[in-house]
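The data block below is coords_9.pdb; it holds PDB, C-alpha atoms and all ligand atoms.
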ATOM      1  CA  MET D 155     -73.380 114.848  21.568  1.00  0.00           C
ATOM      2  CA  ARG D 156     -70.908 113.997  18.878  1.00  0.00           C
ATOM      3  CA  LEU D 157     -68.644 110.972  18.396  1.00  0.00           C
ATOM      4  CA  ARG D 158     -65.220 111.783  16.954  1.00  0.00           C
ATOM      5  CA  ARG D 159     -62.022 109.889  16.435  1.00  0.00           C
ATOM      6  CA  PHE D 160     -59.364 110.965  18.935  1.00  0.00           C
ATOM      7  CA  ASP D 161     -56.935 112.328  16.352  1.00  0.00           C
ATOM      8  CA  ARG D 162     -59.650 114.310  14.549  1.00  0.00           C
ATOM      9  CA  ALA D 163     -60.934 115.785  17.847  1.00  0.00           C
ATOM     10  CA  ASP D 164     -57.323 116.438  18.980  1.00  0.00           C
ATOM     11  CA  PRO D 165     -58.424 116.921  22.605  1.00  0.00           C
ATOM     12  CA  SER D 166     -56.620 119.455  24.794  1.00  0.00           C
ATOM     13  CA  LYS D 167     -55.006 118.595  28.122  1.00  0.00           C
ATOM     14  CA  THR D 168     -57.912 120.355  29.836  1.00  0.00           C
ATOM     15  CA  GLN D 169     -60.415 118.130  28.050  1.00  0.00           C
ATOM     16  CA  ARG D 170     -58.497 114.950  28.893  1.00  0.00           C
ATOM     17  CA  LYS D 171     -57.823 115.917  32.533  1.00  0.00           C
ATOM     18  CA  ASN D 172     -61.467 116.743  33.172  1.00  0.00           C
ATOM     19  CA  PHE D 173     -62.643 113.202  32.392  1.00  0.00           C
ATOM     20  CA  VAL D 174     -63.607 111.291  35.565  1.00  0.00           C
ATOM     21  CA  CYS D 175     -65.428 107.969  35.306  1.00  0.00           C
ATOM     22  CA  GLY D 176     -64.887 106.320  38.709  1.00  0.00           C
ATOM     23  CA  GLU D 177     -62.107 104.020  37.485  1.00  0.00           C
ATOM     24  CA  ALA D 178     -58.842 105.944  37.882  1.00  0.00           C
ATOM     25  CA  THR D 179     -56.910 103.717  35.447  1.00  0.00           C
ATOM     26  CA  LEU D 180     -59.362 104.578  32.665  1.00  0.00           C
ATOM     27  CA  ASP D 181     -59.082 108.322  33.437  1.00  0.00           C
ATOM     28  CA  ARG D 182     -55.281 108.141  33.459  1.00  0.00           C
ATOM     29  CA  TRP D 183     -55.135 106.206  30.201  1.00  0.00           C
ATOM     30  CA  LEU D 184     -57.195 108.853  28.412  1.00  0.00           C
ATOM     31  CA  ALA D 185     -55.136 111.682  29.927  1.00  0.00           C
ATOM     32  CA  SER D 186     -51.706 110.272  29.226  1.00  0.00           C
ATOM     33  CA  GLN D 187     -51.687 107.291  26.866  1.00  0.00           C
ATOM     34  CA  ALA D 188     -54.509 107.507  24.341  1.00  0.00           C
ATOM     35  CA  ARG D 189     -52.625 109.855  22.024  1.00  0.00           C
ATOM     36  CA  GLN D 190     -49.466 107.743  21.981  1.00  0.00           C
ATOM     37  CA  SER D 191     -51.367 104.508  21.316  1.00  0.00           C
ATOM     38  CA  MET D 192     -53.137 106.260  18.451  1.00  0.00           C
ATOM     39  CA  GLU D 193     -49.865 107.550  16.960  1.00  0.00           C
ATOM     40  CA  SER D 194     -48.223 104.127  17.199  1.00  0.00           C
ATOM     41  CA  ARG D 195     -51.345 102.578  15.615  1.00  0.00           C
ATOM     42  CA  ASP D 196     -51.812 100.201  18.557  1.00  0.00           C
ATOM     43  CA  ALA D 197     -55.357 101.341  19.359  1.00  0.00           C
ATOM     44  CA  VAL D 198     -57.846 103.830  17.979  1.00  0.00           C
ATOM     45  CA  SER D 199     -59.807 105.879  20.510  1.00  0.00           C
ATOM     46  CA  TYR D 200     -63.181 107.506  19.938  1.00  0.00           C
ATOM     47  CA  LEU D 201     -64.521 110.367  22.034  1.00  0.00           C
ATOM     48  CA  LEU D 202     -68.119 111.238  22.856  1.00  0.00           C
ATOM     49  CA  LEU D 203     -68.100 115.031  23.061  1.00  0.00           C
ATOM     50  CA  ASP D 204     -70.737 117.176  24.747  1.00  0.00           C
ATOM     51  CA  GLU D 205     -70.726 120.213  22.508  1.00  0.00           C
ATOM     52  CA  ASP D 206     -73.181 121.967  24.827  1.00  0.00           C
ATOM     53  CA  ALA D 207     -70.755 121.775  27.770  1.00  0.00           C
ATOM     54  CA  LEU D 208     -67.695 123.905  27.114  1.00  0.00           C
ATOM     55  CA  LEU D 209     -64.699 123.811  29.467  1.00  0.00           C
ATOM     56  CA  GLU D 210     -62.536 126.759  30.539  1.00  0.00           C
ATOM     57  CA  ASP D 211     -60.511 126.500  27.321  1.00  0.00           C
ATOM     58  CA  GLY D 212     -63.694 126.702  25.240  1.00  0.00           C
ATOM     59  CA  ARG D 213     -63.471 123.030  24.154  1.00  0.00           C
ATOM     60  CA  PRO D 214     -66.305 120.500  24.631  1.00  0.00           C
ATOM     61  CA  ARG D 215     -66.298 118.178  27.639  1.00  0.00           C
ATOM     62  CA  ILE D 216     -65.512 114.514  26.965  1.00  0.00           C
ATOM     63  CA  ALA D 217     -68.600 112.560  28.097  1.00  0.00           C
ATOM     64  CA  GLY D 218     -67.283 109.109  27.217  1.00  0.00           C
ATOM     65  CA  TYR D 219     -64.725 107.201  25.239  1.00  0.00           C
ATOM     66  CA  PHE D 220     -63.738 103.785  23.992  1.00  0.00           C
ATOM     67  CA  CYS D 221     -60.759 102.349  22.182  1.00  0.00           C
ATOM     68  CA  LEU D 222     -60.468  99.510  19.698  1.00  0.00           C
ATOM     69  CA  SER D 223     -57.608  97.398  18.473  1.00  0.00           C
ATOM     70  CA  SER D 224     -57.230  94.196  16.521  1.00  0.00           C
ATOM     71  CA  GLY D 225     -56.978  90.853  18.273  1.00  0.00           C
ATOM     72  CA  GLU D 226     -57.744  87.197  18.071  1.00  0.00           C
ATOM     73  CA  VAL D 227     -59.235  84.525  20.293  1.00  0.00           C
ATOM     74  CA  LYS D 228     -58.247  80.896  20.452  1.00  0.00           C
ATOM     75  CA  ILE D 229     -61.031  78.544  19.486  1.00  0.00           C
ATOM     76  CA  GLU D 230     -61.198  77.056  22.996  1.00  0.00           C
ATOM     77  CA  GLU D 231     -61.516  80.595  24.429  1.00  0.00           C
ATOM     78  CA  THR D 232     -64.620  81.308  22.333  1.00  0.00           C
ATOM     79  CA  PRO D 233     -68.208  80.480  23.334  1.00  0.00           C
ATOM     80  CA  GLU D 234     -69.438  77.477  21.364  1.00  0.00           C
ATOM     81  CA  ALA D 235     -72.031  79.366  19.325  1.00  0.00           C
ATOM     82  CA  MET D 236     -69.345  81.770  18.041  1.00  0.00           C
ATOM     83  CA  ALA D 237     -66.782  79.041  17.321  1.00  0.00           C
ATOM     84  CA  LYS D 238     -68.650  77.111  14.657  1.00  0.00           C
ATOM     85  CA  ARG D 239     -66.612  76.349  11.526  1.00  0.00           C
ATOM     86  CA  PRO D 240     -63.630  78.416  12.758  1.00  0.00           C
ATOM     87  CA  PRO D 241     -60.622  79.394  10.709  1.00  0.00           C
ATOM     88  CA  PRO D 242     -57.672  77.019  11.283  1.00  0.00           C
ATOM     89  CA  GLU D 243     -55.595  79.031  13.792  1.00  0.00           C
ATOM     90  CA  ALA D 244     -57.680  81.515  15.765  1.00  0.00           C
ATOM     91  CA  ILE D 245     -60.852  83.569  15.511  1.00  0.00           C
ATOM     92  CA  PRO D 246     -60.244  87.152  14.365  1.00  0.00           C
ATOM     93  CA  ALA D 247     -61.484  89.729  16.861  1.00  0.00           C
ATOM     94  CA  VAL D 248     -61.815  93.423  17.567  1.00  0.00           C
ATOM     95  CA  ARG D 249     -60.694  94.136  21.125  1.00  0.00           C
ATOM     96  CA  MET D 250     -62.374  96.941  23.028  1.00  0.00           C
ATOM     97  CA  GLY D 251     -59.547  97.806  25.380  1.00  0.00           C
ATOM     98  CA  ARG D 252     -61.285 100.591  27.264  1.00  0.00           C
ATOM     99  CA  PHE D 253     -64.823 101.899  27.597  1.00  0.00           C
ATOM    100  CA  ALA D 254     -66.097 104.565  29.983  1.00  0.00           C
ATOM    101  CA  ILE D 255     -68.690 107.247  30.582  1.00  0.00           C
ATOM    102  CA  ASP D 256     -67.835 110.335  32.673  1.00  0.00           C
ATOM    103  CA  GLU D 257     -69.579 110.336  36.087  1.00  0.00           C
ATOM    104  CA  ARG D 258     -71.558 113.456  35.175  1.00  0.00           C
ATOM    105  CA  TYR D 259     -73.231 111.517  32.352  1.00  0.00           C
ATOM    106  CA  GLN D 260     -73.664 108.092  33.991  1.00  0.00           C
ATOM    107  CA  GLY D 261     -77.176 106.775  34.636  1.00  0.00           C
ATOM    108  CA  ALA D 262     -78.653 108.522  31.591  1.00  0.00           C
ATOM    109  CA  GLY D 263     -78.349 105.806  28.966  1.00  0.00           C
ATOM    110  CA  TRP D 264     -75.108 107.020  27.368  1.00  0.00           C
ATOM    111  CA  GLY D 265     -73.365 103.716  28.165  1.00  0.00           C
ATOM    112  CA  PRO D 266     -75.641 101.594  25.948  1.00  0.00           C
ATOM    113  CA  GLU D 267     -75.596 104.340  23.301  1.00  0.00           C
ATOM    114  CA  LEU D 268     -71.793 104.378  23.173  1.00  0.00           C
ATOM    115  CA  LEU D 269     -71.654 100.581  23.269  1.00  0.00           C
ATOM    116  CA  SER D 270     -73.844 100.447  20.155  1.00  0.00           C
ATOM    117  CA  GLU D 271     -71.433 102.824  18.420  1.00  0.00           C
ATOM    118  CA  ALA D 272     -68.443 100.698  19.470  1.00  0.00           C
ATOM    119  CA  LEU D 273     -70.101  97.565  18.091  1.00  0.00           C
ATOM    120  CA  ARG D 274     -70.976  99.349  14.847  1.00  0.00           C
ATOM    121  CA  SER D 275     -67.355 100.476  14.514  1.00  0.00           C
ATOM    122  CA  ALA D 276     -66.196  96.891  15.136  1.00  0.00           C
ATOM    123  CA  VAL D 277     -68.524  95.654  12.391  1.00  0.00           C
ATOM    124  CA  ALA D 278     -67.117  98.307  10.039  1.00  0.00           C
ATOM    125  CA  ALA D 279     -63.562  97.188  10.901  1.00  0.00           C
ATOM    126  CA  GLY D 280     -64.611  93.588  10.272  1.00  0.00           C
ATOM    127  CA  ASP D 281     -65.979  94.612   6.878  1.00  0.00           C
ATOM    128  CA  LEU D 282     -62.444  95.659   5.933  1.00  0.00           C
ATOM    129  CA  ILE D 283     -60.226  93.008   7.485  1.00  0.00           C
ATOM    130  CA  GLY D 284     -62.503  90.271   8.839  1.00  0.00           C
ATOM    131  CA  ALA D 285     -63.509  89.999  12.511  1.00  0.00           C
ATOM    132  CA  ARG D 286     -66.001  87.557  13.916  1.00  0.00           C
ATOM    133  CA  VAL D 287     -66.216  88.730  17.542  1.00  0.00           C
ATOM    134  CA  MET D 288     -65.725  91.721  19.814  1.00  0.00           C
ATOM    135  CA  LEU D 289     -63.657  90.967  22.863  1.00  0.00           C
ATOM    136  CA  VAL D 290     -63.701  92.894  26.137  1.00  0.00           C
ATOM    137  CA  ASP D 291     -62.046  92.468  29.544  1.00  0.00           C
ATOM    138  CA  ALA D 292     -64.391  93.831  32.219  1.00  0.00           C
ATOM    139  CA  ILE D 293     -62.620  96.039  34.753  1.00  0.00           C
ATOM    140  CA  SER D 294     -65.051  95.186  37.586  1.00  0.00           C
ATOM    141  CA  GLU D 295     -68.015  92.966  38.451  1.00  0.00           C
ATOM    142  CA  LYS D 296     -70.251  95.965  37.747  1.00  0.00           C
ATOM    143  CA  ALA D 297     -68.803  96.384  34.262  1.00  0.00           C
ATOM    144  CA  PHE D 298     -69.116  92.632  33.686  1.00  0.00           C
ATOM    145  CA  ALA D 299     -72.835  92.781  34.547  1.00  0.00           C
ATOM    146  CA  PHE D 300     -73.265  95.775  32.233  1.00  0.00           C
ATOM    147  CA  TYR D 301     -71.764  93.951  29.243  1.00  0.00           C
ATOM    148  CA  GLU D 302     -73.725  90.788  29.992  1.00  0.00           C
ATOM    149  CA  ARG D 303     -76.933  92.777  30.204  1.00  0.00           C
ATOM    150  CA  PHE D 304     -76.301  94.100  26.685  1.00  0.00           C
ATOM    151  CA  GLY D 305     -75.776  90.723  25.074  1.00  0.00           C
ATOM    152  CA  PHE D 306     -72.109  89.863  25.639  1.00  0.00           C
ATOM    153  CA  THR D 307     -71.376  86.206  26.447  1.00  0.00           C
ATOM    154  CA  PRO D 308     -68.853  85.320  29.165  1.00  0.00           C
ATOM    155  CA  SER D 309     -65.666  83.607  27.997  1.00  0.00           C
ATOM    156  CA  PRO D 310     -65.680  79.873  28.728  1.00  0.00           C
ATOM    157  CA  ILE D 311     -62.138  80.241  30.130  1.00  0.00           C
ATOM    158  CA  HIS D 312     -61.228  83.749  31.316  1.00  0.00           C
ATOM    159  CA  PRO D 313     -63.347  84.903  34.295  1.00  0.00           C
ATOM    160  CA  MET D 314     -63.584  88.639  33.405  1.00  0.00           C
ATOM    161  CA  GLN D 315     -63.636  88.352  29.620  1.00  0.00           C
ATOM    162  CA  LEU D 316     -66.754  88.594  27.449  1.00  0.00           C
ATOM    163  CA  LEU D 317     -67.402  88.278  23.731  1.00  0.00           C
ATOM    164  CA  TYR D 318     -69.991  89.545  21.296  1.00  0.00           C
ATOM    165  CA  ASP D 319     -70.798  87.877  17.986  1.00  0.00           C
ATOM    166  CA  LEU D 320     -70.309  90.620  15.376  1.00  0.00           C
ATOM    167  CA  ARG D 321     -72.341  88.634  12.849  1.00  0.00           C
ATOM    168  CA  VAL D 322     -75.357  89.373  15.039  1.00  0.00           C
ATOM    169  CA  VAL D 323     -74.601  93.115  15.039  1.00  0.00           C
ATOM    170  CA  ALA D 324     -74.087  93.093  11.307  1.00  0.00           C
ATOM    171  CA  ALA D 325     -77.502  91.481  10.890  1.00  0.00           C
ATOM    172  CA  SER D 326     -79.372  93.903  13.196  1.00  0.00           C
ATOM    173  CA  VAL D 327     -77.933  97.322  13.838  1.00  0.00           C
ATOM    174  CA  ARG D 328     -79.979  98.140  16.943  1.00  0.00           C
ATOM    175  CA  ILE D 329     -78.677  96.623  20.203  1.00  0.00           C
ATOM    176  CA  ASP D 330     -81.441  95.914  22.671  1.00  0.00           C
ATOM    177  CA  PRO D 331     -80.852  94.553  26.179  1.00  0.00           C
TER
HETATM  178  C1  LIG Y 401     -70.503 100.933  33.161  1.00  0.00           C
HETATM  179  C2  LIG Y 401     -70.907 102.248  32.464  1.00  0.00           C
HETATM  180  C3  LIG Y 401     -70.231 102.305  31.121  1.00  0.00           C
HETATM  181  C4  LIG Y 401     -72.425 102.309  32.311  1.00  0.00           C
HETATM  182  O1  LIG Y 401     -72.787 103.457  31.561  1.00  0.00           O
HETATM  183  P1  LIG Y 401     -74.006 104.402  31.993  1.00  0.00           P
HETATM  184  O2  LIG Y 401     -74.180 105.456  30.971  1.00  0.00           O
HETATM  185  O3  LIG Y 401     -73.772 104.875  33.385  1.00  0.00           O
HETATM  186  O4  LIG Y 401     -75.202 103.405  31.924  1.00  0.00           O
HETATM  187  P2  LIG Y 401     -76.645 103.698  32.567  1.00  0.00           P
HETATM  188  O5  LIG Y 401     -76.542 103.712  34.057  1.00  0.00           O
HETATM  189  O6  LIG Y 401     -77.248 104.912  31.937  1.00  0.00           O
HETATM  190  O7  LIG Y 401     -77.397 102.418  32.180  1.00  0.00           O
HETATM  191  C5  LIG Y 401     -78.172 102.258  31.056  1.00  0.00           C
HETATM  192  C6  LIG Y 401     -78.813 100.940  31.202  1.00  0.00           C
HETATM  193  O8  LIG Y 401     -77.833  99.959  31.559  1.00  0.00           O
HETATM  194  C7  LIG Y 401     -78.176  99.350  32.783  1.00  0.00           C
HETATM  195  N1  LIG Y 401     -76.958  99.140  33.581  1.00  0.00           N
HETATM  196  C8  LIG Y 401     -76.075 100.076  33.969  1.00  0.00           C
HETATM  197  N2  LIG Y 401     -75.091  99.511  34.696  1.00  0.00           N
HETATM  198  C9  LIG Y 401     -75.403  98.202  34.773  1.00  0.00           C
HETATM  199  C10 LIG Y 401     -74.788  97.102  35.405  1.00  0.00           C
HETATM  200  N3  LIG Y 401     -73.653  97.233  36.091  1.00  0.00           N
HETATM  201  N4  LIG Y 401     -75.369  95.888  35.288  1.00  0.00           N
HETATM  202  C11 LIG Y 401     -76.510  95.723  34.577  1.00  0.00           C
HETATM  203  N5  LIG Y 401     -77.148  96.746  33.970  1.00  0.00           N
HETATM  204  C12 LIG Y 401     -76.589  97.967  34.066  1.00  0.00           C
HETATM  205  C13 LIG Y 401     -79.084 100.329  33.492  1.00  0.00           C
HETATM  206  O9  LIG Y 401     -79.950  99.673  34.395  1.00  0.00           O
HETATM  207  C14 LIG Y 401     -79.840 100.928  32.334  1.00  0.00           C
HETATM  208  O10 LIG Y 401     -80.868 100.098  31.896  1.00  0.00           O
HETATM  209  P3  LIG Y 401     -82.367 100.672  31.773  1.00  0.00           P
HETATM  210  O11 LIG Y 401     -82.282 101.735  30.732  1.00  0.00           O
HETATM  211  O12 LIG Y 401     -83.157  99.494  31.358  1.00  0.00           O
HETATM  212  O13 LIG Y 401     -82.668 101.192  33.119  1.00  0.00           O
HETATM  213  C15 LIG Y 401     -70.465 103.475  33.296  1.00  0.00           C
HETATM  214  O14 LIG Y 401     -71.047 103.406  34.557  1.00  0.00           O
HETATM  215  C16 LIG Y 401     -68.964 103.627  33.459  1.00  0.00           C
HETATM  216  O15 LIG Y 401     -68.294 104.177  32.602  1.00  0.00           O
HETATM  217  N6  LIG Y 401     -68.408 103.191  34.607  1.00  0.00           N
HETATM  218  C17 LIG Y 401     -67.003 103.367  34.957  1.00  0.00           C
HETATM  219  C18 LIG Y 401     -66.033 102.786  33.962  1.00  0.00           C
HETATM  220  C19 LIG Y 401     -66.293 101.337  33.653  1.00  0.00           C
HETATM  221  O16 LIG Y 401     -66.579 100.524  34.518  1.00  0.00           O
HETATM  222  N7  LIG Y 401     -66.156 100.998  32.375  1.00  0.00           N
HETATM  223  C20 LIG Y 401     -66.238  99.653  31.883  1.00  0.00           C
HETATM  224  C21 LIG Y 401     -64.832  99.267  31.609  1.00  0.00           C
HETATM  225  S1  LIG Y 401     -64.571  97.584  31.257  1.00  0.00           S
END
Just give me the structure of the file as structure tokens.
Ligand SMILES: CC(C)(COP(=O)(O)OP(=O)(O)OC[C@H]1O[C@@H](n2cnc3c(N)ncnc32)[C@H](O)[C@@H]1OP(=O)(O)O)[C@@H](O)C(=O)NCCC(=O)NCCS
Amino acid sequence: MRLRRFDRADPSKTQRKNFVCGEATLDRWLASQARQSMESRDAVSYLLLDEDALLEDGRPRIAGYFCLSSGEVKIEETPEAMAKRPPPEAIPAVRMGRFAIDERYQGAGWGPELLSEALRSAVAAGDLIGARVMLVDAISEKAFAFYERFGFTPSPIHPMQLLYDLRVVAASVRIDP
């Protein structure tokens, strides 16, 4: 498996259309919007590529993906432990807008693996511009439970939103449930 930035991987239509994760909106976004959001610099997508599984056009199958963009959280929207000594306006964040593993690869531990990579990328982004938390909106109760299991804290205000303290990731690279 190999993780590559969307623009560097330049995935074909066949690669993008073959991705099926069980949440149609996430499949559609990868197929039709990821490239545009990358070109407009609204979000950066990363692809997990299975280089041992080649599609009919000879390109590797996309096993998973996530996308990141910049964001912020109001102090009252942040769990108390992450809101200590906040900057005056809002807490700088990296938003993980989408995160998915293809059905063929689910149940094999790729989710936690890719989540670790996403958190590491968020820490790297925070090293450049400053970001205290990662922010995610869970698409379903199942996704919510997944994030909570891997250390995300539910938002005190928004029912499906969770946050992760990037200072913790920066201090210990390995993410254990
Ligand atoms: C949610 C998702 C990312 C999980 O990835 P995955 O690779 O299938 O994860 P796995 O099933 O291999 O799980 C790995 C570990 O996470 C745990 N886990 C998986 N789903 C879980 C859930 N809903 N709640 C709690 N734990 C969960 C597993 O029990 C396993 O732990 P173990 O190793 O101790 O047994 C994947 O199912 C997916 O992409 N679903 C559809 C899209 C989606 O919902 N994305 C989230 C968008 S917000």
Original post:
So what do you get for atom CA of Met288 of chain D versus atom CA of Leu317 of chain D, distance-wise?
Top reply: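 Taking atom CA of Met288 of chain D and atom CA of Leu317 of chain D, their separation equals 5.5 Å.
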Edge lengths and centre in Å to one decimal, as AutoDock Vina command-line options, of the axis-aligned box that encloses all listed atoms of ligand LIG 401 (chain Y) with 4 Å added on every side?
--center_x -73.9 --center_y 100.6 --center_z 33.4 --size_x 26.6 --size_y 17.7 --size_z 13.4
Subject >> Residues returned when the PyMOL selection byres (((not hetatm)) within 8 of (chain Y and resi 401)) runs on this file, as JSON, numbers by chain >> reply: {"D": [175, 176, 177, 180, 218, 251, 252, 253, 254, 255, 256, 257, 259, 260, 261, 262, 263, 264, 265, 266, 267, 290, 291, 292, 293, 294, 295, 296, 297, 298, 299, 300, 301, 302, 303, 304, 331]}
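Every residue that the PyMOL selection byres (((chain D and resi 234-237) around 10) and not hetatm) selects in this file is listed here: Val227, Lys228, Ile229, Glu230, Glu231, Thr232, Pro233, Lys238, Arg239, Pro240, Pro241, Ala244, Ile245, Arg286, Val287, Thr307, Ser309, Pro310, Leu317, Tyr318, Asp319, Leu320 and Arg321 of chain D.
Applied to the file shown here, the PyMOL selection byres (((chain D and resi 156-168) around 7) and not hetatm) selects the residues D:Met155, D:Gln169, D:Arg170, D:Lys171, D:Asn172, D:Ser199, D:Tyr200, D:Leu201, D:Leu202, D:Leu203, D:Asp204.
The space separating atom CA of Leu222 of chain D from atom CA of Ala197 of chain D comes to 5.4 Å.
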Original post:
Between D:Phe220, D:Asp196, D:Leu268, D:Ala207, which is the closest to Leu184 of chain D once you count all atoms listed in the file?
Top reply: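 Closest to Leu184 of chain D of all the choices is D:Phe220.
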Subject >> Distance of atom CA of Met250 of chain D from atom CA of Val174 of chain D, expressed in Å to one decimal place >> reply: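 Interatomic distance here is 19.1 Å.
Nearest to Arg215 of chain D of all the residues D:Ser270, D:Phe173, D:Thr179, D:Arg189 is D:Phe173, counting only C-alpha atoms.
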Subject >> Residue among D:Cys221, D:Val323, D:Met314, D:Ile216 lying closest to Ala278 of chain D, counting all atoms listed in the file >> reply: D:Val323
